[in-house]
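Novice: Here you go, this is query_38.csv (CSV, C-alpha atoms and all ligand atoms).
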chain,number,residue,atom,x,y,z
L,1,MET,CA,-21.8,-6.5,-10.9
L,2,LYS,CA,-18.5,-7.9,-12.1
L,3,LYS,CA,-17.3,-11.1,-10.6
L,4,LEU,CA,-14.5,-10.6,-8.1
L,5,LEU,CA,-11.3,-12.5,-7.5
L,6,PHE,CA,-11.6,-14.0,-4.0
L,7,LYS,CA,-14.3,-14.9,-1.7
L,8,SER,CA,-13.6,-13.4,1.7
L,9,THR,CA,-15.9,-15.5,3.8
L,10,SER,CA,-14.2,-18.8,3.2
L,11,GLU,CA,-10.9,-20.3,2.4
L,12,SER,CA,-12.1,-21.2,-1.1
L,13,PHE,CA,-10.2,-19.1,-3.6
L,14,GLY,CA,-10.7,-18.6,-7.2
L,15,SER,CA,-11.9,-16.3,-9.9
L,16,THR,CA,-15.6,-17.0,-9.9
L,17,THR,CA,-16.8,-15.8,-6.5
L,18,THR,CA,-18.2,-12.5,-5.4
L,19,THR,CA,-17.4,-11.0,-2.1
L,20,GLU,CA,-19.2,-8.7,0.2
L,21,HIS,CA,-16.9,-8.9,3.2
L,22,SER,CA,-13.5,-7.8,2.0
L,23,LYS,CA,-12.1,-4.7,3.6
L,24,ILE,CA,-11.6,-3.3,0.1
L,25,ASN,CA,-13.6,-4.3,-2.9
L,26,VAL,CA,-12.6,-3.1,-6.4
L,27,TYR,CA,-15.1,-3.5,-9.2
L,28,ASP,CA,-14.3,-3.2,-12.9
L,29,LEU,CA,-11.8,-0.4,-12.4
L,30,ASN,CA,-10.5,1.4,-15.5
L,31,LEU,CA,-8.1,4.3,-15.3
L,32,PHE,CA,-7.1,6.7,-18.1
L,33,TYR,CA,-4.3,9.3,-18.1
L,34,GLY,CA,-5.8,11.5,-20.7
L,35,GLU,CA,-6.2,9.2,-23.8
L,36,LYS,CA,-3.9,6.5,-22.4
L,37,GLN,CA,-5.6,3.7,-20.5
L,38,ALA,CA,-3.4,2.4,-17.6
L,39,LEU,CA,-5.8,0.0,-15.8
L,40,TYR,CA,-8.3,-2.4,-17.5
L,41,GLY,CA,-11.2,-3.9,-15.7
L,42,VAL,CA,-9.5,-4.5,-12.4
L,43,SER,CA,-11.8,-6.4,-9.9
L,44,LEU,CA,-10.6,-7.8,-6.7
L,45,GLY,CA,-11.2,-8.1,-3.0
L,46,ILE,CA,-8.5,-7.2,-0.4
L,47,GLN,CA,-8.8,-8.9,2.9
L,48,GLU,CA,-8.6,-7.1,6.3
L,49,LYS,CA,-5.4,-7.5,8.3
L,50,GLU,CA,-3.5,-9.2,5.6
L,51,VAL,CA,-0.6,-8.1,3.4
L,52,THR,CA,-1.5,-8.0,-0.2
L,53,ALA,CA,1.4,-7.7,-2.7
L,54,LEU,CA,1.1,-6.2,-6.1
L,55,ILE,CA,3.8,-7.5,-8.5
L,56,GLY,CA,4.5,-7.2,-12.2
L,57,PRO,CA,6.9,-5.6,-14.7
L,58,SER,CA,7.7,-1.9,-14.8
L,59,GLY,CA,4.8,0.2,-16.2
L,60,CYS,CA,2.1,-2.4,-15.7
L,61,GLY,CA,0.0,-0.2,-13.4
L,62,LYS,CA,0.9,-1.4,-9.9
L,63,SER,CA,1.5,2.1,-8.5
L,64,THR,CA,-1.4,3.5,-10.4
L,65,PHE,CA,-3.7,0.9,-8.9
L,66,LEU,CA,-2.3,1.5,-5.4
L,67,ARG,CA,-2.9,5.2,-5.7
L,68,THR,CA,-6.6,4.7,-6.6
L,69,LEU,CA,-7.1,3.2,-3.2
L,70,ASN,CA,-6.8,6.5,-1.5
L,71,ARG,CA,-7.5,8.7,-4.5
L,72,MET,CA,-4.0,10.0,-4.9
L,73,ASN,CA,-4.5,10.0,-8.6
L,74,ASP,CA,-7.0,12.8,-8.1
L,75,LEU,CA,-4.0,15.1,-7.8
L,76,ILE,CA,-3.0,14.3,-11.4
L,77,ASP,CA,-4.5,16.4,-14.2
L,78,GLY,CA,-6.5,14.5,-16.8
L,79,VAL,CA,-7.1,11.3,-14.9
L,80,LYS,CA,-10.4,9.6,-15.5
L,81,ILE,CA,-11.6,6.6,-13.5
L,82,THR,CA,-14.6,4.3,-14.1
L,83,GLY,CA,-15.7,1.4,-11.9
L,84,LYS,CA,-16.1,1.4,-8.2
L,85,ILE,CA,-13.9,1.0,-5.1
L,86,VAL,CA,-15.7,0.2,-1.8
L,87,ILE,CA,-13.9,0.4,1.5
L,88,ASP,CA,-15.9,-0.7,4.5
L,89,GLU,CA,-19.1,-0.4,2.5
L,90,GLU,CA,-18.4,3.1,1.4
L,91,ASP,CA,-17.9,3.9,-2.3
L,92,ILE,CA,-14.8,6.1,-2.0
L,93,TYR,CA,-15.3,7.9,-5.3
L,94,ALA,CA,-18.9,8.7,-4.5
L,95,SER,CA,-17.9,10.3,-1.2
L,96,GLN,CA,-16.5,13.9,-1.3
L,97,ASP,CA,-14.5,13.5,1.9
L,98,VAL,CA,-11.0,12.8,0.5
L,99,ILE,CA,-9.3,14.0,3.7
L,100,LYS,CA,-11.2,11.5,5.8
L,101,LEU,CA,-10.3,8.8,3.2
L,102,ARG,CA,-6.6,9.6,3.3
L,103,THR,CA,-6.7,9.5,7.1
L,104,LYS,CA,-8.2,6.0,7.0
L,105,VAL,CA,-5.9,4.9,4.1
L,106,GLY,CA,-2.4,6.0,4.8
L,107,MET,CA,0.5,5.8,2.4
L,108,VAL,CA,4.3,5.2,2.6
L,109,PHE,CA,6.3,6.0,-0.5
L,110,GLN,CA,9.4,4.6,-2.2
L,111,LYS,CA,11.8,7.1,-0.8
L,112,PRO,CA,11.6,8.3,2.8
L,113,ASN,CA,9.9,11.8,2.5
L,114,LEU,CA,10.3,13.2,6.0
L,115,PHE,CA,9.8,16.9,6.5
L,116,PRO,CA,12.9,19.0,7.5
L,117,MET,CA,11.9,19.1,11.1
L,118,SER,CA,12.5,17.0,14.2
L,119,ILE,CA,11.5,13.4,14.5
L,120,TYR,CA,8.9,14.3,17.0
L,121,ASP,CA,7.4,17.0,14.8
L,122,ASN,CA,7.3,14.7,11.8
L,123,VAL,CA,5.2,12.2,13.7
L,124,ALA,CA,3.1,14.8,15.5
L,125,TYR,CA,2.4,16.7,12.2
L,126,GLY,CA,-0.7,14.8,11.1
L,127,PRO,CA,-2.4,14.7,14.5
L,128,ARG,CA,-1.7,18.4,15.0
L,129,MET,CA,-3.3,19.0,11.6
L,130,GLN,CA,-6.3,17.1,12.9
L,131,GLY,CA,-6.5,19.6,15.8
L,132,ILE,CA,-4.8,17.7,18.6
L,133,LYS,CA,-2.9,20.3,20.6
L,134,ASN,CA,-2.7,18.7,24.0
L,135,LYS,CA,1.0,18.0,24.7
L,136,LYS,CA,0.4,14.8,26.7
L,137,ALA,CA,-1.9,13.4,24.1
L,138,LEU,CA,0.7,14.2,21.4
L,139,ASN,CA,3.5,12.7,23.4
L,140,GLU,CA,1.5,9.5,23.7
L,141,ILE,CA,0.7,9.4,20.0
L,142,VAL,CA,4.3,10.0,19.0
L,143,GLU,CA,5.6,7.3,21.4
L,144,GLU,CA,3.0,4.8,20.4
L,145,SER,CA,3.5,5.4,16.7
L,146,LEU,CA,7.3,5.1,16.9
L,147,ARG,CA,7.0,1.9,19.0
L,148,GLY,CA,4.5,0.6,16.4
L,149,ALA,CA,7.1,1.3,13.7
L,150,ALA,CA,9.8,-0.5,15.7
L,151,ILE,CA,12.0,2.6,15.9
L,152,TRP,CA,11.3,4.0,19.3
L,153,ASP,CA,14.3,2.5,21.0
L,154,GLU,CA,16.6,3.9,18.4
L,155,VAL,CA,15.3,7.5,18.5
L,156,LYS,CA,13.7,8.0,21.9
L,157,ASP,CA,16.8,10.0,23.1
L,158,ARG,CA,16.9,12.3,20.1
L,159,LEU,CA,13.3,13.1,19.3
L,160,LYS,CA,13.9,16.8,19.1
L,161,THR,CA,16.8,16.4,16.5
L,162,SER,CA,16.3,16.6,12.8
L,163,ALA,CA,14.7,13.6,11.2
L,164,LEU,CA,16.9,14.1,8.2
L,165,GLY,CA,19.9,13.0,10.3
L,166,LEU,CA,18.7,9.5,10.5
L,167,SER,CA,19.8,6.7,8.2
L,168,GLY,CA,17.6,5.9,5.2
L,169,GLY,CA,16.2,2.8,6.9
L,170,GLN,CA,15.4,4.7,10.1
L,171,GLN,CA,13.8,7.5,8.1
L,172,GLN,CA,11.6,5.0,6.3
L,173,ARG,CA,10.4,3.5,9.7
L,174,VAL,CA,9.7,7.1,10.9
L,175,CYS,CA,7.6,7.5,7.7
L,176,ILE,CA,5.7,4.4,8.7
L,177,ALA,CA,5.3,5.9,12.3
L,178,ARG,CA,4.0,9.1,10.7
L,179,ALA,CA,1.4,7.0,8.8
L,180,ILE,CA,0.5,5.1,11.9
L,181,ALA,CA,0.0,8.4,13.9
L,182,MET,CA,-3.0,9.1,11.8
L,183,LYS,CA,-4.6,5.9,13.1
L,184,PRO,CA,-5.3,4.4,9.6
L,185,ASP,CA,-7.0,1.1,8.9
L,186,VAL,CA,-5.2,0.6,5.7
L,187,ILE,CA,-1.6,1.4,4.8
L,188,LEU,CA,-0.5,1.5,1.2
L,189,MET,CA,3.2,1.0,0.5
L,190,ASP,CA,4.8,1.8,-2.8
L,191,GLU,CA,8.1,-0.1,-3.0
L,192,PRO,CA,9.0,1.0,0.6
L,193,THR,CA,12.3,-0.8,0.7
L,194,SER,CA,13.7,-0.2,-2.8
L,195,ALA,CA,15.9,2.6,-1.5
L,196,LEU,CA,17.2,0.7,1.5
L,197,ASP,CA,20.2,-1.6,2.2
L,198,PRO,CA,19.5,-5.3,2.9
L,199,ILE,CA,19.6,-4.9,6.7
L,200,SER,CA,17.2,-2.0,6.7
L,201,THR,CA,15.0,-3.9,4.2
L,202,LEU,CA,14.8,-6.8,6.6
L,203,LYS,CA,13.8,-4.6,9.5
L,204,VAL,CA,11.1,-3.0,7.4
L,205,GLU,CA,9.9,-6.4,6.3
L,206,GLU,CA,9.8,-7.7,9.9
L,207,LEU,CA,7.9,-4.5,10.8
L,208,ILE,CA,5.3,-5.1,8.0
L,209,THR,CA,4.8,-8.7,9.2
L,210,GLN,CA,4.1,-7.4,12.7
L,211,MET,CA,1.9,-4.6,11.6
L,212,LYS,CA,-0.6,-6.8,9.8
L,213,LYS,CA,-2.2,-7.8,13.1
L,214,ASP,CA,-3.5,-4.2,13.3
L,215,TYR,CA,-3.6,-3.0,9.7
L,216,THR,CA,-4.6,-4.0,6.2
L,217,ILE,CA,-1.5,-3.5,4.1
L,218,VAL,CA,-1.2,-3.3,0.3
L,219,ILE,CA,2.4,-3.2,-1.0
L,220,VAL,CA,3.9,-2.7,-4.4
L,221,THR,CA,7.2,-4.5,-4.8
L,222,HIS,CA,9.6,-5.5,-7.5
L,223,ASN,CA,11.3,-7.9,-5.2
L,224,MET,CA,9.8,-11.4,-5.7
L,225,GLN,CA,11.4,-12.8,-2.6
L,226,GLN,CA,10.0,-9.9,-0.6
L,227,ALA,CA,6.5,-10.6,-1.9
L,228,ALA,CA,6.9,-14.3,-1.1
L,229,ARG,CA,8.3,-13.6,2.4
L,230,ILE,CA,5.8,-11.0,3.7
L,231,SER,CA,2.5,-11.2,1.8
L,232,ASP,CA,-0.6,-13.4,2.3
L,233,LYS,CA,-2.0,-12.7,-1.2
L,234,THR,CA,-0.4,-11.6,-4.4
L,235,ALA,CA,-1.8,-10.0,-7.5
L,236,PHE,CA,0.1,-10.2,-10.7
L,237,PHE,CA,-0.4,-7.2,-13.0
L,238,LEU,CA,0.5,-7.1,-16.7
L,239,ASN,CA,-0.3,-4.3,-19.1
L,240,GLY,CA,-2.8,-2.8,-16.7
L,241,GLU,CA,-4.7,-6.0,-16.0
L,242,VAL,CA,-4.7,-8.4,-13.1
L,243,ILE,CA,-3.7,-11.6,-14.7
L,244,GLU,CA,-3.8,-13.7,-11.5
L,245,TYR,CA,-4.6,-13.1,-7.8
L,246,ASP,CA,-4.3,-15.8,-5.2
L,247,LYS,CA,-2.7,-16.9,-2.0
L,248,THR,CA,1.0,-16.0,-2.2
L,249,ASP,CA,2.2,-19.5,-1.9
L,250,VAL,CA,-0.1,-20.6,-4.8
L,251,ILE,CA,1.2,-17.7,-7.0
L,252,PHE,CA,4.8,-18.7,-6.3
L,253,SER,CA,4.4,-22.4,-6.4
L,254,THR,CA,1.6,-23.4,-8.8
L,255,PRO,CA,0.4,-20.3,-10.7
L,256,ASN,CA,-2.5,-20.9,-13.0
L,257,ASP,CA,-1.4,-18.6,-15.8
L,258,SER,CA,1.7,-19.2,-17.8
L,259,ARG,CA,2.4,-15.4,-17.9
L,260,THR,CA,2.5,-15.4,-14.1
L,261,GLU,CA,4.9,-18.3,-14.2
L,262,ASP,CA,7.1,-16.6,-16.8
L,263,TYR,CA,7.3,-13.5,-14.6
L,264,ILE,CA,8.1,-15.1,-11.3
L,265,THR,CA,10.7,-17.4,-12.9
L,266,GLY,CA,12.3,-14.4,-14.5
L,267,ARG,CA,11.5,-15.2,-18.1
L,268,PHE,CA,10.4,-11.6,-18.7
L,269,GLY,CA,10.2,-8.3,-16.9
L,301,LIG,N1,1.1,10.8,-14.2
L,301,LIG,C1,1.0,10.0,-15.3
L,301,LIG,N2,0.7,10.6,-16.5
L,301,LIG,C2,0.6,9.8,-17.6
L,301,LIG,N3,0.9,8.5,-17.6
L,301,LIG,C3,1.3,7.9,-16.5
L,301,LIG,C4,1.4,8.7,-15.2
L,301,LIG,N4,1.8,7.8,-14.2
L,301,LIG,C5,1.9,6.6,-14.8
L,301,LIG,N5,1.6,6.7,-16.1
L,301,LIG,C6,1.7,5.5,-17.1
L,301,LIG,O1,0.8,4.5,-16.7
L,301,LIG,C7,1.3,3.2,-16.8
L,301,LIG,C8,1.4,2.5,-15.5
L,301,LIG,O2,2.4,3.2,-14.7
L,301,LIG,P1,2.6,2.8,-13.2
L,301,LIG,O3,3.6,3.8,-12.6
L,301,LIG,O4,1.3,2.6,-12.5
L,301,LIG,O5,3.3,1.4,-13.4
L,301,LIG,P2,4.1,0.5,-12.3
L,301,LIG,O6,3.7,-0.9,-12.6
L,301,LIG,O7,3.9,1.0,-10.9
L,301,LIG,O8,5.6,0.7,-12.8
L,301,LIG,P3,7.0,0.7,-12.0
L,301,LIG,O9,7.1,-0.7,-11.5
L,301,LIG,O10,8.0,1.1,-13.0
L,301,LIG,O11,6.9,1.7,-10.9
L,301,LIG,C9,2.7,3.4,-17.5
L,301,LIG,O12,2.6,3.3,-18.9
L,301,LIG,C10,3.1,4.9,-17.1
L,301,LIG,O13,3.9,5.4,-18.1
Rewrite the structure from the file as structure tokens, please.
Specialist:
Amino acid sequence: MKKLLFKSTSESFGSTTTTEHSKINVYDLNLFYGEKQALYGVSLGIQEKEVTALIGPSGCGKSTFLRTLNRMNDLIDGVKITGKIVIDEEDIYASQDVIKLRTKVGMVFQKPNLFPMSIYDNVAYGPRMQGIKNKKALNEIVEESLRGAAIWDEVKDRLKTSALGLSGGQQQRVCIARAIAMKPDVILMDEPTSALDPISTLKVEELITQMKKDYTIVIVTHNMQQAARISDKTAFFLNGEVIEYDKTDVIFSTPNDSRTEDYITGRFG
């Protein structure tokens, strides 16, 4: 088995240890879009209840990697994957149950993508699909999820109005509530604040920081300050490879690899 970046059972970090106890373990992952290879031998362990940031220049494979964690790439024709991803001891590509996987590993996208329905119905959508019909149970899930996404107070008096009438920042927090409503363990976020103004961005960042007590969060961001502010660990991707993966303060203060340093200091990308 390939060596992994990170040892999960101790505070010793480095590139030579294997890990059995990470929430997510990725082993020698390669991904091809048809003939074109987009990920090369990615191996890393993602810790439970931490925020892990994926950074790197445009086109380096961050989103592709993120999508492998809940098999969203399965939806793209011609994708081939080798290697292994284990979440909670289960090889996610060996299991057939993609719906169960996507319940456990939720996703929030770059642009808020709410359905043209009420705020309530957006958040209740997933639980209803799972067969929850009881009104009291749904009410509880909707309130709990909106509270969990720090948007309850702003929307509690307008739950039955269209979600599309909310501001972009509010919509993105409802998207996070919609993800929370599925009771996931892991939440993947693909540049969740890139379409938001600075104040909404700050709110979502505060929310992410609060959420890590309950969830394992993996976030793609182009914003170096954001990665530095909110993440515990950072992986630097370049041309489909993980160049360096370490505690965020190490990546941003004393990176090992000159390419990481060049990127975070703005010398390229
Ligand atoms: N559906 C697809 N079909 C073919 N190639 C793709 C597809 N999606 C991504 N790619 C290619 O895979 C590579 C990695 O893309 P990806 O979107 O993962 O990078 P990224 O680091 O997330 O970029 P960005 O920061 O610009 O979002 C790029 O060369 C991209 O063109």
Novice: So which residues are close to (-9.8, 2.0, -13.5), meaning at most 9 Å away in the file's coordinates with all atoms listed in the file counted, and can you show them as a PDB file with C-alpha atoms, keeping the file's coordinate frame?
Specialist:
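Here's the written file result-v2.pdb:
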ATOM      1  CA  TYR L  27     -15.100  -3.500  -9.200  1.00  0.00           C
ATOM      2  CA  ASP L  28     -14.300  -3.200 -12.900  1.00  0.00           C
ATOM      3  CA  LEU L  29     -11.800  -0.400 -12.400  1.00  0.00           C
ATOM      4  CA  ASN L  30     -10.500   1.400 -15.500  1.00  0.00           C
ATOM      5  CA  LEU L  31      -8.100   4.300 -15.300  1.00  0.00           C
ATOM      6  CA  PHE L  32      -7.100   6.700 -18.100  1.00  0.00           C
ATOM      7  CA  GLN L  37      -5.600   3.700 -20.500  1.00  0.00           C
ATOM      8  CA  ALA L  38      -3.400   2.400 -17.600  1.00  0.00           C
ATOM      9  CA  LEU L  39      -5.800   0.000 -15.800  1.00  0.00           C
ATOM     10  CA  TYR L  40      -8.300  -2.400 -17.500  1.00  0.00           C
ATOM     11  CA  GLY L  41     -11.200  -3.900 -15.700  1.00  0.00           C
ATOM     12  CA  VAL L  42      -9.500  -4.500 -12.400  1.00  0.00           C
ATOM     13  CA  PHE L  65      -3.700   0.900  -8.900  1.00  0.00           C
ATOM     14  CA  THR L  68      -6.600   4.700  -6.600  1.00  0.00           C
ATOM     15  CA  LYS L  80     -10.400   9.600 -15.500  1.00  0.00           C
ATOM     16  CA  ILE L  81     -11.600   6.600 -13.500  1.00  0.00           C
ATOM     17  CA  THR L  82     -14.600   4.300 -14.100  1.00  0.00           C
ATOM     18  CA  GLY L  83     -15.700   1.400 -11.900  1.00  0.00           C
ATOM     19  CA  LYS L  84     -16.100   1.400  -8.200  1.00  0.00           C
TER      20      LYS L  84
END
Novice: Give me, as an mmCIF file with C-alpha atoms, in the frame of the given file, all polymer residues having an atom no more than 9 Å from Ser194 in chain L, counting all atoms listed in the file and skipping those fewer than 2 positions away in the same chain.
Specialist:
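Result went into result35.cif, see below:
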data_model
loop_
_atom_site.group_PDB
_atom_site.id
_atom_site.type_symbol
_atom_site.label_atom_id
_atom_site.label_comp_id
_atom_site.auth_asym_id
_atom_site.auth_seq_id
_atom_site.Cartn_x
_atom_site.Cartn_y
_atom_site.Cartn_z
ATOM 1 C CA GLN L 110 9.400 4.600 -2.200
ATOM 2 C CA LYS L 111 11.800 7.100 -0.800
ATOM 3 C CA GLU L 191 8.100 -0.100 -3.000
ATOM 4 C CA PRO L 192 9.000 1.000 0.600
ATOM 5 C CA LEU L 196 17.200 0.700 1.500
ATOM 6 C CA ASP L 197 20.200 -1.600 2.200
ATOM 7 C CA THR L 201 15.000 -3.900 4.200
ATOM 8 C CA THR L 221 7.200 -4.500 -4.800
ATOM 9 C CA HIS L 222 9.600 -5.500 -7.500
ATOM 10 C CA ASN L 223 11.300 -7.900 -5.200
#
Novice: I need the residue nearest ligand LIG 301 (chain L) from this list: L:Ala181, L:Leu54, L:Val155, L:Ile132. Use only C-alpha atoms and all ligand atoms for the distance.
Specialist: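 Using only C-alpha atoms and all ligand atoms, ligand LIG 301 (chain L) sits closest to L:Leu54.
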Novice: Using all atoms listed in the file, which residues have at least one atom no more than 10 Å from ligand LIG 301 (chain L)? Output them as a VMD selection string.
Specialist: chain L and resid 31 to 39 54 to 67 73 75 to 79 110 190 to 191 220 to 222 237 to 240 269
Novice: Kindly give the distance, in Å, that separates CA of Leu164 in chain L and CA of Asp121 in chain L, rounded to a single decimal.
Specialist: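 Between CA of Leu164 in chain L and CA of Asp121 in chain L the gap works out to 11.9 Å.
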Novice: Could you tell me which of L:Leu159, L:Ile87, L:Leu146, L:Ile251 comes closest to Tyr120 in chain L if we count only C-alpha atoms?
Specialist: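 Looking at the shortest contact to Tyr120 in chain L, the residue is L:Leu159.
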Novice: Figure out the distance between CA of Phe115 in chain L and CA of Glu154 in chain L, please, to one decimal in Å.
Specialist: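 So the two atoms, CA of Glu154 in chain L and CA of Phe115 in chain L, lie 18.9 Å apart.
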Novice: Enter the distance from CA of Ile219 in chain L to CA of Glu205 in chain L, in Å, rounded to one decimal.
Specialist: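 Straight-line distance from CA of Ile219 in chain L to CA of Glu205 in chain L works out to 10.9 Å.
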